[in-house]
$ cat coords31.cif   # mmCIF, C-alpha atoms
data_entry
loop_
_atom_site.group_PDB
_atom_site.id
_atom_site.type_symbol
_atom_site.label_atom_id
_atom_site.label_comp_id
_atom_site.auth_asym_id
_atom_site.auth_seq_id
_atom_site.Cartn_x
_atom_site.Cartn_y
_atom_site.Cartn_z
ATOM 1 C CA MET A 82 112.602 118.296 43.038
ATOM 2 C CA SER A 83 110.023 121.013 43.573
ATOM 3 C CA ASN A 84 109.536 122.897 46.826
ATOM 4 C CA LYS A 85 106.106 121.313 47.138
ATOM 5 C CA LYS A 86 107.614 117.822 46.999
ATOM 6 C CA LYS A 87 110.148 118.753 49.686
ATOM 7 C CA SER A 88 107.346 119.991 51.876
ATOM 8 C CA ILE A 89 105.451 116.740 51.435
ATOM 9 C CA ASP A 90 108.574 114.704 52.223
ATOM 10 C CA LEU A 91 109.164 116.652 55.430
ATOM 11 C CA SER A 92 105.584 116.105 56.541
ATOM 12 C CA ILE A 93 106.131 112.354 57.001
ATOM 13 C CA ILE A 94 107.943 112.977 60.271
ATOM 14 C CA ARG A 95 105.341 111.867 62.808
ATOM 15 C CA ASP A 96 105.022 111.552 66.566
ATOM 16 C CA ALA A 97 106.299 107.964 66.445
ATOM 17 C CA HIS A 98 109.609 109.171 65.025
ATOM 18 C CA TRP A 99 109.978 111.698 67.803
ATOM 19 C CA ASP A 100 109.136 109.019 70.361
ATOM 20 C CA VAL A 101 112.159 107.032 69.188
ATOM 21 C CA VAL A 102 114.437 110.051 69.557
ATOM 22 C CA PHE A 103 113.019 111.125 72.917
ATOM 23 C CA ASP A 104 113.113 107.569 74.252
ATOM 24 C CA HIS A 105 116.745 107.228 73.227
ATOM 25 C CA VAL A 106 117.773 110.282 75.251
ATOM 26 C CA GLY A 107 115.208 109.676 78.022
ATOM 27 C CA LEU A 108 113.443 112.968 77.419
ATOM 28 C CA GLY A 109 109.665 113.156 77.720
ATOM 29 C CA PHE A 110 107.762 115.877 75.892
ATOM 30 C CA TRP A 111 104.286 117.127 76.789
ATOM 31 C CA GLU A 112 101.815 119.807 75.790
ATOM 32 C CA LEU A 113 98.920 121.106 77.891
ATOM 33 C CA SER A 114 96.110 123.198 76.391
ATOM 34 C CA ILE A 115 95.260 125.886 78.921
ATOM 35 C CA ALA A 116 91.758 126.333 77.453
ATOM 36 C CA THR A 117 90.733 122.664 77.364
ATOM 37 C CA GLY A 118 93.013 121.037 79.933
ATOM 38 C CA ILE A 119 93.936 118.353 77.376
ATOM 39 C CA LEU A 120 97.391 116.877 77.962
ATOM 40 C CA ARG A 121 99.273 115.365 75.013
ATOM 41 C CA SER A 122 102.558 113.576 75.582
ATOM 42 C CA THR A 123 105.157 111.329 74.046
ATOM 43 C CA GLN A 124 105.596 107.703 75.012
ATOM 44 C CA SER A 125 108.895 108.630 76.664
ATOM 45 C CA PHE A 126 106.981 111.037 78.950
ATOM 46 C CA LYS A 127 104.725 108.182 80.033
ATOM 47 C CA LYS A 128 107.700 105.838 80.427
ATOM 48 C CA SER A 129 109.423 108.312 82.771
ATOM 49 C CA LEU A 130 106.275 108.359 84.884
ATOM 50 C CA GLY A 131 106.039 104.556 84.876
ATOM 51 C CA CYS A 132 102.815 104.537 82.848
ATOM 52 C CA PRO A 133 101.962 102.307 79.874
ATOM 53 C CA PRO A 134 102.668 103.926 76.469
ATOM 54 C CA ASP A 135 99.025 103.638 75.412
ATOM 55 C CA GLN A 136 97.606 105.168 78.609
ATOM 56 C CA VAL A 137 95.757 108.432 78.135
ATOM 57 C CA LEU A 138 97.041 110.788 80.814
ATOM 58 C CA SER A 139 95.229 113.791 82.155
ATOM 59 C CA TYR A 140 96.846 116.772 83.829
ATOM 60 C CA GLU A 141 95.241 115.631 87.091
ATOM 61 C CA THR A 142 96.828 112.181 86.717
ATOM 62 C CA PHE A 143 100.219 113.791 86.180
ATOM 63 C CA LEU A 144 99.788 115.959 89.284
ATOM 64 C CA SER A 145 98.651 112.938 91.334
ATOM 65 C CA LEU A 146 102.019 111.261 90.715
ATOM 66 C CA ILE A 147 103.948 114.124 92.310
ATOM 67 C CA VAL A 148 104.990 113.381 95.889
ATOM 68 C CA PRO A 149 102.666 115.426 98.173
ATOM 69 C CA GLU A 150 105.580 117.308 99.791
ATOM 70 C CA ASP A 151 106.644 118.594 96.341
ATOM 71 C CA LEU A 152 103.210 119.271 94.850
ATOM 72 C CA ASP A 153 102.685 122.860 96.081
ATOM 73 C CA TYR A 154 106.131 123.879 94.827
ATOM 74 C CA VAL A 155 105.483 122.414 91.356
ATOM 75 C CA GLN A 156 101.982 123.887 91.103
ATOM 76 C CA ASP A 157 103.266 127.317 92.192
ATOM 77 C CA GLU A 158 105.964 127.267 89.507
ATOM 78 C CA ILE A 159 103.455 126.248 86.835
ATOM 79 C CA GLU A 160 100.957 128.905 87.946
ATOM 80 C CA LEU A 161 103.603 131.647 87.888
ATOM 81 C CA THR A 162 104.408 130.648 84.305
ATOM 82 C CA VAL A 163 100.770 130.428 83.180
ATOM 83 C CA SER A 164 100.037 133.833 84.753
ATOM 84 C CA LYS A 165 103.108 135.181 82.901
ATOM 85 C CA GLU A 166 104.804 136.297 86.113
ATOM 86 C CA LYS A 167 107.703 134.100 84.974
ATOM 87 C CA ASN A 168 108.829 133.302 81.425
ATOM 88 C CA SER A 169 109.269 129.608 82.169
ATOM 89 C CA TYR A 170 109.496 127.138 84.974
ATOM 90 C CA HIS A 171 112.193 124.699 85.978
ATOM 91 C CA THR A 172 111.669 122.217 88.789
ATOM 92 C CA VAL A 173 113.319 119.141 90.201
ATOM 93 C CA HIS A 174 110.811 117.123 92.161
ATOM 94 C CA ARG A 175 109.849 113.612 93.152
ATOM 95 C CA ILE A 176 107.135 111.433 91.719
ATOM 96 C CA CYS A 177 105.719 108.167 92.972
ATOM 97 C CA ARG A 178 105.187 105.869 90.012
ATOM 98 C CA PRO A 179 102.188 103.530 89.911
ATOM 99 C CA ASP A 180 104.542 100.665 90.914
ATOM 100 C CA GLY A 181 105.445 102.594 94.101
ATOM 101 C CA LYS A 182 108.980 103.570 93.034
ATOM 102 C CA ILE A 183 110.063 107.109 93.918
ATOM 103 C CA ARG A 184 111.916 108.891 91.100
ATOM 104 C CA TRP A 185 113.383 112.395 90.750
ATOM 105 C CA ILE A 186 112.121 114.339 87.730
ATOM 106 C CA LYS A 187 113.551 117.505 86.179
ATOM 107 C CA ALA A 188 110.679 119.375 84.535
ATOM 108 C CA ASP A 189 110.855 122.456 82.348
ATOM 109 C CA GLY A 190 108.033 124.345 80.664
ATOM 110 C CA ILE A 191 107.153 127.492 78.726
ATOM 111 C CA LEU A 192 104.019 129.125 77.391
ATOM 112 C CA SER A 193 103.410 128.890 73.672
ATOM 113 C CA GLN A 194 100.827 130.489 71.455
ATOM 114 C CA HIS A 195 101.088 130.488 67.676
ATOM 115 C CA ASP A 196 98.747 132.508 65.483
ATOM 116 C CA GLY A 197 95.241 131.118 65.724
ATOM 117 C CA GLU A 198 96.106 128.593 68.443
ATOM 118 C CA SER A 199 94.997 128.578 72.036
ATOM 119 C CA LEU A 200 97.523 129.138 74.794
ATOM 120 C CA LYS A 201 99.555 126.034 75.621
ATOM 121 C CA LEU A 202 102.081 125.080 78.223
ATOM 122 C CA ILE A 203 104.744 122.895 76.645
ATOM 123 C CA GLY A 204 107.725 121.236 78.187
ATOM 124 C CA THR A 205 109.943 118.304 78.935
ATOM 125 C CA ILE A 206 110.648 115.936 81.770
ATOM 126 C CA LEU A 207 113.778 113.946 82.413
ATOM 127 C CA ASP A 208 114.331 111.268 85.056
ATOM 128 C CA VAL A 209 117.388 112.466 87.010
ATOM 129 C CA THR A 210 117.201 109.915 89.820
ATOM 130 C CA ASP A 211 120.642 108.517 89.034
ATOM 131 C CA LEU A 212 122.139 112.008 89.310
ATOM 132 C CA LYS A 213 120.553 112.572 92.725
ATOM 133 C CA GLN A 214 122.180 109.479 94.292
#
$ encode --input "coords31.cif" --output "structure tokens"
Amino acid sequence: MSNKKKSIDLSIIRDAHWDVVFDHVGLGFWELSIATGILRSTQSFKKSLGCPPDQVLSYETFLSLIVPEDLDYVQDEIELTVSKEKNSYHTVHRICRPDGKIRWIKADGILSQHDGESLKLIGTILDVTDLKQ
């Protein structure tokens, strides 16, 4: 088998495959373009937030789910990371899902910029409500 064929075979791994893995472990992955404000996320990210898997989420929608008492803390941590005052951010905060349920979320993020790409904030969320009780 040639190297080219191996490369083609590896390229069939798509977002749907990752959604299965992330959903199995309950880990949601997201990516936010700093330049455009476009938020991309896995279905498991949306599931953790209580949103339908086909819903298109904006960064503003994500922020609106954070409980008001926790919002400043989360935004400060994100801003310190985006401004490069910190290498990454790690928060545990509450969200209020669209169904009204309050859940605890552990969120982690880092800045990423590959050659030729715009600056992105990428990270994960994990519902840790059961650990908080």
$ closest_residue --input "coords31.cif" --among "A:Lys187, A:Arg178, A:Lys128, A:Lys213" --to "Val155 (chain A)" --atoms "all atoms listed in the file"
A:Lys187
$ residues_around --input "coords31.cif" --residues "Asp151 (chain A)" --least-positions-apart "5" --cutoff "9 Å" --atoms "only C-alpha atoms" --output "number ranges by chain"
A: 156, 174-176
$ write_last_selection --input "coords31.cif" --atoms "C-alpha atoms" --output "PDB file, keeping the file's coordinate frame"
ATOM      1  CA  GLN A 156     101.982 123.887  91.103  1.00  0.00           C
ATOM      2  CA  HIS A 174     110.811 117.123  92.161  1.00  0.00           C
ATOM      3  CA  ARG A 175     109.849 113.612  93.152  1.00  0.00           C
ATOM      4  CA  ILE A 176     107.135 111.433  91.719  1.00  0.00           C
TER       5      ILE A 176
END
$ residues_around --input "coords31.cif" --residues "Cys177 (chain A)" --least-positions-apart "3" --cutoff "9 Å" --atoms "only C-alpha atoms" --output "short mmCIF file (atom, residue, chain, number, x, y, z; two decimals) with C-alpha atoms, keeping the file's coordinate frame"
data_model
loop_
_atom_site.label_atom_id
_atom_site.label_comp_id
_atom_site.auth_asym_id
_atom_site.auth_seq_id
_atom_site.Cartn_x
_atom_site.Cartn_y
_atom_site.Cartn_z
CA LEU A 130 106.28 108.36 84.88
CA GLY A 131 106.04 104.56 84.88
CA SER A 145 98.65 112.94 91.33
CA LEU A 146 102.02 111.26 90.72
CA ILE A 147 103.95 114.12 92.31
CA VAL A 148 104.99 113.38 95.89
CA ASP A 180 104.54 100.66 90.91
CA GLY A 181 105.44 102.59 94.10
CA LYS A 182 108.98 103.57 93.03
CA ILE A 183 110.06 107.11 93.92
CA ARG A 184 111.92 108.89 91.10
#
$ closest_residue --input "coords31.cif" --among "A:Asp135, A:Glu150, A:Glu112, A:Asp211" --to "Ile186 (chain A)" --atoms "only C-alpha atoms"
A:Asp211
$ closest_residue --input "coords31.cif" --among "A:Val101, A:Leu108, A:Val173, A:Ala116" --to "Glu198 (chain A)" --atoms "all atoms listed in the file"
A:Ala116
$ atom_distance --input "coords31.cif" --atom1 "CA of Gly118 (chain A)" --atom2 "CA of His171 (chain A)"
20.4 Å
$ residues_around --input "coords31.cif" --residues "Gln136 (chain A)" --least-positions-apart "5" --cutoff "12 Å" --atoms "only C-alpha atoms" --output "list in words"
Leu120, Arg121, Ser122, Thr123, Gln124, Ser125, Phe126, Lys127, Lys128, Leu130, Gly131, Thr142 and Phe143 of chain A
$ atom_distance --input "coords31.cif" --atom1 "CA of Ile191 (chain A)" --atom2 "CA of Thr172 (chain A)"
12.2 Å
$ axis_aligned_box --input "coords31.cif" --around "region 188-194 of chain A" --padding-each-side "3 Å" --output "lines of an AutoDock Vina configuration file"
center_x = 105.8
center_y = 124.9
center_z = 78.0
size_x = 16.0
size_y = 17.1
size_z = 19.1
$ build_atoms --input "coords31.cif" --residues "region 168-179 of chain A" --atoms "all heavy atoms" --output "mmCIF file, in the frame of the given file"
data_model
loop_
_atom_site.group_PDB
_atom_site.id
_atom_site.type_symbol
_atom_site.label_atom_id
_atom_site.label_comp_id
_atom_site.auth_asym_id
_atom_site.auth_seq_id
_atom_site.Cartn_x
_atom_site.Cartn_y
_atom_site.Cartn_z
ATOM 1 N N ASN A 168 108.781 133.701 82.831
ATOM 2 C CA ASN A 168 108.829 133.302 81.425
ATOM 3 C C ASN A 168 108.757 131.790 81.247
ATOM 4 O O ASN A 168 108.320 131.301 80.210
ATOM 5 C CB ASN A 168 110.100 133.815 80.756
ATOM 6 C CG ASN A 168 110.100 135.321 80.636
ATOM 7 O OD1 ASN A 168 109.051 135.938 80.493
ATOM 8 N ND2 ASN A 168 111.267 135.922 80.700
ATOM 9 N N SER A 169 109.220 131.063 82.253
ATOM 10 C CA SER A 169 109.269 129.608 82.169
ATOM 11 C C SER A 169 109.403 129.045 83.572
ATOM 12 O O SER A 169 109.617 129.785 84.520
ATOM 13 C CB SER A 169 110.450 129.157 81.308
ATOM 14 O OG SER A 169 111.672 129.622 81.857
ATOM 15 N N TYR A 170 109.260 127.750 83.669
ATOM 16 C CA TYR A 170 109.496 127.138 84.974
ATOM 17 C C TYR A 170 110.472 125.985 84.837
ATOM 18 O O TYR A 170 110.595 125.362 83.783
ATOM 19 C CB TYR A 170 108.189 126.704 85.649
ATOM 20 C CG TYR A 170 107.634 125.387 85.185
ATOM 21 C CD1 TYR A 170 108.011 124.202 85.801
ATOM 22 C CD2 TYR A 170 106.733 125.331 84.146
ATOM 23 C CE1 TYR A 170 107.501 122.988 85.374
ATOM 24 C CE2 TYR A 170 106.216 124.120 83.721
ATOM 25 C CZ TYR A 170 106.606 122.954 84.337
ATOM 26 O OH TYR A 170 106.116 121.760 83.910
ATOM 27 N N HIS A 171 111.187 125.755 85.910
ATOM 28 C CA HIS A 171 112.193 124.699 85.978
ATOM 29 C C HIS A 171 112.107 124.121 87.386
ATOM 30 O O HIS A 171 112.317 124.844 88.361
ATOM 31 C CB HIS A 171 113.594 125.262 85.721
ATOM 32 C CG HIS A 171 113.657 126.122 84.493
ATOM 33 N ND1 HIS A 171 113.756 125.588 83.241
ATOM 34 C CD2 HIS A 171 113.594 127.465 84.335
ATOM 35 C CE1 HIS A 171 113.774 126.568 82.353
ATOM 36 N NE2 HIS A 171 113.671 127.720 82.992
ATOM 37 N N THR A 172 111.766 122.854 87.480
ATOM 38 C CA THR A 172 111.669 122.217 88.789
ATOM 39 C C THR A 172 112.418 120.896 88.785
ATOM 40 O O THR A 172 112.623 120.284 87.740
ATOM 41 C CB THR A 172 110.201 121.924 89.186
ATOM 42 O OG1 THR A 172 109.650 120.962 88.276
ATOM 43 C CG2 THR A 172 109.357 123.182 89.188
ATOM 44 N N VAL A 173 112.834 120.499 89.955
ATOM 45 C CA VAL A 173 113.319 119.141 90.201
ATOM 46 C C VAL A 173 112.497 118.659 91.381
ATOM 47 O O VAL A 173 112.519 119.267 92.450
ATOM 48 C CB VAL A 173 114.831 119.100 90.506
ATOM 49 C CG1 VAL A 173 115.271 117.683 90.818
ATOM 50 C CG2 VAL A 173 115.633 119.662 89.333
ATOM 51 N N HIS A 174 111.724 117.602 91.135
ATOM 52 C CA HIS A 174 110.811 117.123 92.161
ATOM 53 C C HIS A 174 110.673 115.607 92.075
ATOM 54 O O HIS A 174 111.108 114.979 91.117
ATOM 55 C CB HIS A 174 109.449 117.800 92.037
ATOM 56 C CG HIS A 174 108.763 117.515 90.734
ATOM 57 N ND1 HIS A 174 108.999 118.243 89.602
ATOM 58 C CD2 HIS A 174 107.857 116.587 90.394
ATOM 59 C CE1 HIS A 174 108.266 117.771 88.614
ATOM 60 N NE2 HIS A 174 107.557 116.755 89.069
ATOM 61 N N ARG A 175 110.041 115.061 93.097
ATOM 62 C CA ARG A 175 109.849 113.612 93.152
ATOM 63 C C ARG A 175 108.459 113.236 92.665
ATOM 64 O O ARG A 175 107.503 113.985 92.837
ATOM 65 C CB ARG A 175 110.023 113.111 94.587
ATOM 66 C CG ARG A 175 111.436 113.314 95.123
ATOM 67 C CD ARG A 175 111.483 113.165 96.611
ATOM 68 N NE ARG A 175 110.738 114.287 97.200
ATOM 69 C CZ ARG A 175 110.361 114.353 98.453
ATOM 70 N NH1 ARG A 175 110.626 113.377 99.294
ATOM 71 N NH2 ARG A 175 109.690 115.402 98.905
ATOM 72 N N ILE A 176 108.421 112.039 92.055
ATOM 73 C CA ILE A 176 107.135 111.433 91.719
ATOM 74 C C ILE A 176 107.101 110.044 92.342
ATOM 75 O O ILE A 176 108.148 109.458 92.637
ATOM 76 C CB ILE A 176 106.902 111.315 90.197
ATOM 77 C CG1 ILE A 176 107.975 110.418 89.546
ATOM 78 C CG2 ILE A 176 106.829 112.688 89.544
ATOM 79 C CD1 ILE A 176 107.627 109.957 88.146
ATOM 80 N N CYS A 177 105.902 109.554 92.547
ATOM 81 C CA CYS A 177 105.719 108.167 92.972
ATOM 82 C C CYS A 177 105.012 107.464 91.825
ATOM 83 O O CYS A 177 103.845 107.739 91.540
ATOM 84 C CB CYS A 177 104.882 108.091 94.257
ATOM 85 S SG CYS A 177 104.667 106.383 94.832
ATOM 86 N N ARG A 178 105.748 106.603 91.143
ATOM 87 C CA ARG A 178 105.187 105.869 90.012
ATOM 88 C C ARG A 178 104.080 104.926 90.478
ATOM 89 O O ARG A 178 104.017 104.574 91.660
ATOM 90 C CB ARG A 178 106.275 105.048 89.333
ATOM 91 C CG ARG A 178 107.296 105.865 88.587
ATOM 92 C CD ARG A 178 108.278 104.934 87.944
ATOM 93 N NE ARG A 178 109.183 105.617 87.064
ATOM 94 C CZ ARG A 178 110.157 105.020 86.406
ATOM 95 N NH1 ARG A 178 110.342 103.715 86.534
ATOM 96 N NH2 ARG A 178 110.938 105.706 85.624
ATOM 97 N N PRO A 179 103.244 104.481 89.548
ATOM 98 C CA PRO A 179 102.188 103.530 89.911
ATOM 99 C C PRO A 179 102.706 102.251 90.572
ATOM 100 O O PRO A 179 102.009 101.647 91.378
ATOM 101 C CB PRO A 179 101.513 103.218 88.569
ATOM 102 C CG PRO A 179 101.741 104.456 87.754
ATOM 103 C CD PRO A 179 103.116 104.939 88.166
#
